[in-house]
Amino acid sequence: MGKKINFIKFIQLWGIILLIVVGAIIIVLDIIVSYRDFYVQADQIRADYIVQQKRVIKQEVDRVVAMINHEKAKSETITKEKIKSRVYEAYAIAQHIYQQNKTAKTKAEIKQMILDALRPIRFADKSGYYFATRLDGVEILFADKPELEGENLLNLQDTHGQYVIKEMIEIVRQSREGFYEYYWTKPNAKGRNFKKISFVKRFEPFDWFIGTGLYVDDVEMSIKKKIMGQINKIRFGINGYIFVDTWQGISLAHGLQPDLIGTNMWETEDSRGNKTTQMLVAASKKEEGGYVSYWWRKSSTIKESPKIAYTKSIPDWEILVGTGAYLDDVEIDIALMHTKLNNQIKTKMFSFALIVIGVIVFVLFFFNRLTHRIKNDFNLFVSFFNRAAYSDEAINRDKVHFVELDRMAQNANQMLRDKILARQELMDEREQLKQSEHFLNSIFESIQDGISVLNPDLTIRHTNGVMKKWYALDLPLEGKKCFTCYQNIDEPCDPCPTLRCLESERMEMDIIPGPPESDEVKWVELYSYPIKNAESGEITGIVEFVRDITKQKKTEEELQKMEKLKSVGTLAGGIAHDFNNILMGLFGNISLAKEDLNQEHPAFKALEGAESSMNRATRLTRQLLTFARGGEPVKKNVTLGTLVEEVVRFDLSGSNVKPVFEQVADLWLADVDKGQIQQVFSNLTINANQAMPDGGNLYIILKNEELFDKTLAGLNPGKYIKVIVRDEGAGIEQKYLERIFDPYFTTKQTGSGLGLATVYSIVNKHGGRISVDSKLGQGSIFTLYLPASEARQLPQTGPVAAKSSSLLQSARVLIMDDEKMICDVASKMLEKSGYEVKAVEDGRQAIVMYQQALASKRPFDVVIMDLTIPGGMGGEEAIREILAFDPEVKAIVSSGYADDRIMANYAEYGFKDIVSKPYSICQLREVLNRVLKG
């Protein structure tokens with residue numbers, strides 16, 4: 001127990017302290033008011049100073065900008081005078097040669113003499129030269145590009161679409177001479193986008209015009225050099241100067257620091273981290289310029305000081321002009337004011353000390369007289385409470401002489417009796433509490449979800465067995481912060497339902513990641529309930545109820561991914577359909593053109609190359625359609641091991657990646673669409689090959705697996721073939737794994753983002769499942785589950801009869817397609833093959849024309865129908881109505897949706913065959929021959 005003090009001395013001490021504190025508060029308030037007034041006055045002085053400096057630096061910048069604009073305006077006039085005088089000189093040379101030799105030499109010789117005289121002349125740092133052109137547009141002299149001499153340049157355009165030669169001829173025809181602005185090539189420079197001002201003059205003896213010009217950027221460069229020199233010499237005020245920078249941050253002029261000229265200062269920062277040049281450029285681009293505050297090195301102190309600058313842009317040159325003023329110059333006057341104020345405060349504090357000392361002397365004198373009178377009474381109280389505090393013995397009230405103290409003794413004895421009673425009740429309650437705690441703890445531990453009790457400061461107070469099992473590596477949990485144990489972080493989670501619960505004082509819920517070290521519990525559902533004091537309502541703790549929802553979360557993610565694929569797929573399918581229609585026009589016309597050419601014709605190989613490119617474009621659109629619509633798989637019994645090995649070996653041919661196959665001896669047959677599953681393993685193989693540019697092994701493992709319950713999300717119980725595809729590549733970052741199957745998501749510069757999305761779509765459409773696991777530096781593992789067939793072996797098939805080649809038919813064919821281009825191309829293909837063709841735009845017209853042909857005894861032998869007719873009757877409805885009155889109709893279905901359900905099962909809808917857009921003339925002939933031969 002600490003040392004006790006005398007009560008009287010305590011009162012004396014605190015009386016003196018109170019006097020000192022009151023006096024100190026008074027003097028402090030006086031000091032605060034004085035400093036407040038000082039800072040208000042200083043701020044006003046600074047504000048006035050800043051306003052004055054802003055006005056000064058803006059005036060200086062506006063004056064320099066006006067000077068630059070004036071020099072620019074003068075330069076154009078001077079430039080035009082220079083090039084005009086140059087053309088007059090060339091004209092005088094040509095005129096002189098002509099006059100001197102017109103009687104002695106032929107016109108051809110005189111022309112050559114003029115051209116020889118003008119060709120070598122150069123000026124304006126060798127970028128200036130002469131040109132001469134006939135009035136019919138033929139170039140006679142082009143010193144910079146002699147290869148164009150003799151060419152007719154009437155249709156020559158500059159990069160802005162101007163017909164340069166044609167418009168120059170118009171000038172000399174109307175005015176005999178004149179100026180012309182355009183964009184042209186420049187000697188010793190790449191490109192054609194250099195602005196040029198030219199002057200042309202007609203030379204009548206040969207119907208020429210002679211001209212020359214200067215490049216605007218050369219003229220501007222000369223002007224800039226001159227103006228920058230003038231700006232570097234400008235000074236105003238004490239340390240005032242002008243600086244000029246490009247919009248890219250390169251210093252062009254700097255009065256006091258010439259060493260910065262030519263330096264790129266775009267990333268330059270002041271000591272506060274401000275990118276000063278970027279701020280100056282942004283402010284200068286405002287219509288009236290702008291002010292910028294930053295810190296800059298002061299020439300007089302070689303230290304950074306606060307500065308305000310004003311900048312304004314000259315957009316034509318993409319430069320800014322600016323100047324500034326240091327704001328700390330005014331601080332000298334403010335510092336003098338501050339010193340004076342400090343002296344005044346020292347004087348006040350000395351006076352205050354003298355007053356306080358006098359008051360303390362008076363108080364001590366007064367308390368010494370009072371102490372003697374009350375000391376005896378306090379000794380009675382001290383003796384009484386010392387005896388009553390440490391025992392259950394009651395106070396003997398007969399020994400108390402004073403009424404006031406007797407009342408205190410009565411209350412103390414009652415307090416003693418209450419204490420004895422409360423102690424007994426407490427012992428009884430402690431035993432009951434122990435039993436109750438055991439009962440509640442049994443319930444607490446039996447709950448199979450995680451429960452954690454926290455203090456309001458997020459310290460763990462108690463946990464059940466489930467939490468201890470999940471976080472076994474962090475035991476003991478009690479006494480630690482929840483976010484440290486449960487999430488391995490140094491601050492509360494975001495979002496944190498427990499923090500929200502503390503604020504709202506009601507139940508809060510959120511879904512958060514599970515234990516970081518757990519491979520099974522990935523996501524948990526956390527409910528936070530407040531524990532409140534029954535009387536005050538104050539929150540004394542939080543109960544966190546934690547439930548493992550990993551399986552539920554995975555199921556939801558799979559559903560969301562399928563919805564996303566369906567949404568994006570609708571758009572992709574529409575695009576692919578329209579693109580197939582466009583390809584049909586291109587494909588058909590190329591086929592027709594090849595039919596009209598001999599194979600030895602020079603254009604035949606070019607058409608074959610175009611047709612090959614069209615085939616690649618067709619494969620791309622079919623991949624889009626497979627991704628978009630899931631491909632509506634046409635399932636057959638397939639030997640998956642053979643299929644996978646063929647696809648993998650083909651896609652890795654010529655690669656430095658080695659395939660390694662492993663499969664069980666009795667691998668079940670797969671119930672799949674062979675073409676689509678080939679695309680699945682082709683996409684996975686190409687991905688693995690690209691992931692191993694330096695070579696490696698690609699492992700493919702196939703095994704049988706039977707599921708008896710829904711142990712895997714998205715898979716029904718049944719027989720499956722499990723395929724594991726593992727590469728030795730660089731692996732995939734964890735942040736990308738959740739998006740790896742998203743459409744159009746790719747981490748490769750040349751990727752389309754459709755490969756894995758298509759794989760995911762096909763596998764799910766088959767009723768299967770695909771997942772990926774990867775770590776950086778350890779490669780990637782794709783695991784697929786594909787449905788197995790009930791059959792145990794493939795049926796035996798006899799030899800396939802050889803098909804006869806396409807024969808020229810004289811049958812009548814009806815085409816129905818809403819695209820006029822497709823009708824025209826298909827009609828030309830068929831007519832070229834000897835068929836009689838009619839074309840209509842929708843199903844209703846097709847039905848009417850077919851009925852009319854039947855009635856006239858000239859029925860159509862074949863009908864080719866498009867499936868999709870926007871706003872009209874399509875092929876599905878039309879064939880249904882035709883079959884009603886002519887069950888023997890021979891109909892072929894055609895569509896840009898190559899993977900449509902009707903295209904996959906055409907016979908079920910009454911069609912005899914299919915032809916997918918785009919198709920060539922050979923493909924169309926083959927289909928027609930098959931249908932006509934039955």
# chains A, B, ... in the order shown; residues from 1 in each chain; ligands from 1

$ closest_atom_pairs --of "region 652-725 of chain A" --to "region 774-784 of chain A" --cutoff "7 Å" --atoms "only C-alpha atoms" --output "tab-separated table"
residue	atom	partner	partner_atom	distance
A:Lys722	CA	A:Leu784	CA	5.7
A:Val723	CA	A:Leu784	CA	5.1
A:Ile724	CA	A:Thr783	CA	4.6
A:Val725	CA	A:Phe782	CA	5.1

$ write_last_selection --atoms "N, CA, C and O atoms" --output "CSV table (one decimal), in the first residue's frame"
chain,number,residue,atom,x,y,z
A,722,LYS,N,-11.8,-39.9,-65.8
A,722,LYS,CA,-11.0,-38.8,-65.2
A,722,LYS,C,-9.7,-38.6,-66.1
A,722,LYS,O,-8.9,-39.5,-66.2
A,723,VAL,N,-9.5,-37.4,-66.6
A,723,VAL,CA,-8.3,-37.1,-67.3
A,723,VAL,C,-7.5,-36.0,-66.6
A,723,VAL,O,-8.1,-34.9,-66.3
A,724,ILE,N,-6.3,-36.2,-66.4
A,724,ILE,CA,-5.4,-35.2,-65.7
A,724,ILE,C,-4.3,-34.8,-66.8
A,724,ILE,O,-3.6,-35.6,-67.3
A,725,VAL,N,-4.3,-33.5,-67.0
A,725,VAL,CA,-3.3,-32.9,-68.0
A,725,VAL,C,-2.4,-32.0,-67.2
A,725,VAL,O,-2.8,-31.0,-66.6

$ residues_around --residues "region 907-910 of chain A" --least-positions-apart "6" --cutoff "12 Å" --atoms "only C-alpha atoms" --output "NGL selection string"
:A and (863 or 865 or 867 or 875-884 or 886-893 or 901)

$ write_last_selection --atoms "N, CA and C atoms" --output "PDB file, in the first residue's frame"
ATOM      1  N   VAL A 863     -34.722 -28.045-102.044  1.00  0.00           N
ATOM      2  CA  VAL A 863     -34.923 -26.733-101.406  1.00  0.00           C
ATOM      3  C   VAL A 863     -33.781 -26.522-100.399  1.00  0.00           C
ATOM      4  N   MET A 865     -32.645 -24.118 -97.391  1.00  0.00           N
ATOM      5  CA  MET A 865     -33.302 -23.169 -96.478  1.00  0.00           C
ATOM      6  C   MET A 865     -32.353 -22.664 -95.400  1.00  0.00           C
ATOM      7  N   LEU A 867     -31.881 -21.203 -91.658  1.00  0.00           N
ATOM      8  CA  LEU A 867     -32.615 -21.438 -90.410  1.00  0.00           C
ATOM      9  C   LEU A 867     -33.203 -20.165 -89.824  1.00  0.00           C
ATOM     10  N   GLY A 875     -36.316 -21.522 -91.531  1.00  0.00           N
ATOM     11  CA  GLY A 875     -36.339 -22.838 -92.157  1.00  0.00           C
ATOM     12  C   GLY A 875     -37.069 -23.889 -91.347  1.00  0.00           C
ATOM     13  N   GLU A 876     -36.985 -23.831 -90.006  1.00  0.00           N
ATOM     14  CA  GLU A 876     -37.607 -24.855 -89.172  1.00  0.00           C
ATOM     15  C   GLU A 876     -39.126 -24.862 -89.363  1.00  0.00           C
ATOM     16  N   GLU A 877     -39.741 -23.680 -89.327  1.00  0.00           N
ATOM     17  CA  GLU A 877     -41.201 -23.598 -89.475  1.00  0.00           C
ATOM     18  C   GLU A 877     -41.611 -23.875 -90.918  1.00  0.00           C
ATOM     19  N   ALA A 878     -40.807 -23.393 -91.877  1.00  0.00           N
ATOM     20  CA  ALA A 878     -41.167 -23.565 -93.290  1.00  0.00           C
ATOM     21  C   ALA A 878     -41.151 -25.034 -93.700  1.00  0.00           C
ATOM     22  N   ILE A 879     -40.118 -25.811 -93.271  1.00  0.00           N
ATOM     23  CA  ILE A 879     -40.054 -27.232 -93.670  1.00  0.00           C
ATOM     24  C   ILE A 879     -41.203 -28.011 -93.042  1.00  0.00           C
ATOM     25  N   ARG A 880     -41.646 -27.590 -91.857  1.00  0.00           N
ATOM     26  CA  ARG A 880     -42.758 -28.276 -91.205  1.00  0.00           C
ATOM     27  C   ARG A 880     -44.030 -28.130 -92.053  1.00  0.00           C
ATOM     28  N   GLU A 881     -44.262 -26.907 -92.582  1.00  0.00           N
ATOM     29  CA  GLU A 881     -45.482 -26.685 -93.395  1.00  0.00           C
ATOM     30  C   GLU A 881     -45.371 -27.389 -94.756  1.00  0.00           C
ATOM     31  N   ILE A 882     -44.172 -27.384 -95.369  1.00  0.00           N
ATOM     32  CA  ILE A 882     -44.011 -28.040 -96.678  1.00  0.00           C
ATOM     33  C   ILE A 882     -44.204 -29.545 -96.534  1.00  0.00           C
ATOM     34  N   LEU A 883     -43.642 -30.131 -95.449  1.00  0.00           N
ATOM     35  CA  LEU A 883     -43.797 -31.574 -95.235  1.00  0.00           C
ATOM     36  C   LEU A 883     -45.274 -31.959 -95.096  1.00  0.00           C
ATOM     37  N   ALA A 884     -46.083 -31.014 -94.624  1.00  0.00           N
ATOM     38  CA  ALA A 884     -47.507 -31.316 -94.440  1.00  0.00           C
ATOM     39  C   ALA A 884     -48.205 -31.617 -95.765  1.00  0.00           C
ATOM     40  N   ASP A 886     -46.217 -32.088 -98.840  1.00  0.00           N
ATOM     41  CA  ASP A 886     -45.307 -32.860 -99.699  1.00  0.00           C
ATOM     42  C   ASP A 886     -44.296 -33.593 -98.822  1.00  0.00           C
ATOM     43  N   PRO A 887     -44.635 -34.762 -98.314  1.00  0.00           N
ATOM     44  CA  PRO A 887     -43.720 -35.494 -97.418  1.00  0.00           C
ATOM     45  C   PRO A 887     -42.432 -35.924 -98.113  1.00  0.00           C
ATOM     46  N   GLU A 888     -42.411 -35.923 -99.477  1.00  0.00           N
ATOM     47  CA  GLU A 888     -41.224 -36.371-100.208  1.00  0.00           C
ATOM     48  C   GLU A 888     -40.248 -35.230-100.508  1.00  0.00           C
ATOM     49  N   VAL A 889     -40.474 -34.055 -99.957  1.00  0.00           N
ATOM     50  CA  VAL A 889     -39.608 -32.903-100.262  1.00  0.00           C
ATOM     51  C   VAL A 889     -38.166 -33.199 -99.846  1.00  0.00           C
ATOM     52  N   LYS A 890     -37.235 -32.814-100.727  1.00  0.00           N
ATOM     53  CA  LYS A 890     -35.802 -32.948-100.421  1.00  0.00           C
ATOM     54  C   LYS A 890     -35.268 -31.568-100.032  1.00  0.00           C
ATOM     55  N   ALA A 891     -35.053 -31.403 -98.739  1.00  0.00           N
ATOM     56  CA  ALA A 891     -34.649 -30.084 -98.210  1.00  0.00           C
ATOM     57  C   ALA A 891     -33.276 -30.177 -97.543  1.00  0.00           C
ATOM     58  N   ILE A 892     -32.505 -29.127 -97.770  1.00  0.00           N
ATOM     59  CA  ILE A 892     -31.169 -29.005 -97.158  1.00  0.00           C
ATOM     60  C   ILE A 892     -31.205 -27.785 -96.237  1.00  0.00           C
ATOM     61  N   VAL A 893     -30.762 -27.955 -94.995  1.00  0.00           N
ATOM     62  CA  VAL A 893     -30.744 -26.832 -94.059  1.00  0.00           C
ATOM     63  C   VAL A 893     -29.379 -26.162 -94.122  1.00  0.00           C
ATOM     64  N   ARG A 901     -28.815 -26.805 -82.798  1.00  0.00           N
ATOM     65  CA  ARG A 901     -29.396 -28.114 -82.480  1.00  0.00           C
ATOM     66  C   ARG A 901     -29.998 -28.763 -83.718  1.00  0.00           C
TER      67      ARG A 901
END

$ residues_around --residues "Ser127 (chain A)" --least-positions-apart "2" --cutoff "12 Å" --atoms "only C-alpha atoms" --output "list in words"
Ile121, Arg122, Phe123, Ala124, Asp125, Tyr129, Tyr130, Ala143, Asp144, Trp184, Thr185, Lys186, Pro187, Asn188, Ala189, Phe194, Lys196, Thr212, Gly213, Leu214, Tyr215, Val216, Asp217, Asp218 and Val219 of chain A

$ residues_around --residues "region 538-549 of chain A" --least-positions-apart "6" --cutoff "8 Å" --atoms "only C-alpha atoms" --output "VMD selection string"
chain A and resid 449 to 456 498 502 505 514 521 to 532

$ residues_around --residues "Leu756 (chain A)" --least-positions-apart "4" --cutoff "7 Å" --atoms "only C-alpha atoms" --output "list of chain:residue names"
A:Asn683, A:Phe741, A:Tyr760

$ closest_residue --among "A:Thr246, A:Ser222, A:Asn905, A:Gln100" --to "Thr277 (chain A)" --atoms "only C-alpha atoms"
A:Thr246

$ atom_distance --atom1 "CA of Leu814 (chain A)" --atom2 "CA of Ser827 (chain A)"
9.2 Å

$ residues_around --residues "Asn274 (chain A)" --least-positions-apart "5" --cutoff "8 Å" --atoms "only C-alpha atoms" --output "PyMOL selection string"
chain A and resi 269+279+294

$ write_last_selection --atoms "N, CA and C atoms" --output "JSON list (two decimals), in the first residue's frame"
[["chain", "number", "residue", "atom", "x", "y", "z"],
["A", 269, "GLU", "N", 10.57, 15.90, -58.85],
["A", 269, "GLU", "CA", 9.73, 16.12, -57.68],
["A", 269, "GLU", "C", 10.40, 17.10, -56.73],
["A", 279, "MET", "N", 2.62, 19.30, -62.89],
["A", 279, "MET", "CA", 1.64, 20.26, -62.37],
["A", 279, "MET", "C", 1.64, 21.53, -63.21],
["A", 294, "TYR", "N", 4.51, 24.99, -55.22],
["A", 294, "TYR", "CA", 5.45, 23.90, -55.03],
["A", 294, "TYR", "C", 6.70, 24.44, -54.34]]

$ atom_distance --atom1 "CA of Ala791 (chain A)" --atom2 "CA of Val638 (chain A)"
10.0 Å

$ residues_around --residues "region 48-51 of chain A" --least-positions-apart "6" --cutoff "12 Å" --atoms "only C-alpha atoms" --output "PyMOL selection string"
chain A and resi 41-42+57-58+291+293+306-310+324-331+333-334

$ select_by_dssp --residues "region 633-665 of chain A" --states "strand (DSSP E)" --output "MDAnalysis selection string"
chainID A and resid 636:638 657:663

$ select_by_dssp --residues "region 268-478 of chain A" --states "alpha helix (DSSP H)" --output "PyMOL selection string"
chain A and resi 276-284+331-388+403-446+465-470

$ closest_residue --among "A:Leu156, A:Arg36, A:Ser271, A:Asp709" --to "Lys303 (chain A)" --atoms "only C-alpha atoms"
A:Ser271

$ closest_residue --among "A:Lys348, A:Lys74, A:Lys54, A:Lys82" --to "Ala24 (chain A)" --atoms "only C-alpha atoms"
A:Lys348

$ atom_distance --atom1 "CA of Met168 (chain A)" --atom2 "CA of Pro205 (chain A)"
18.1 Å

$ closest_residue --among "A:Arg925, A:Phe179, A:Glu645, A:Val915" --to "Lys832 (chain A)" --atoms "only C-alpha atoms"
A:Arg925
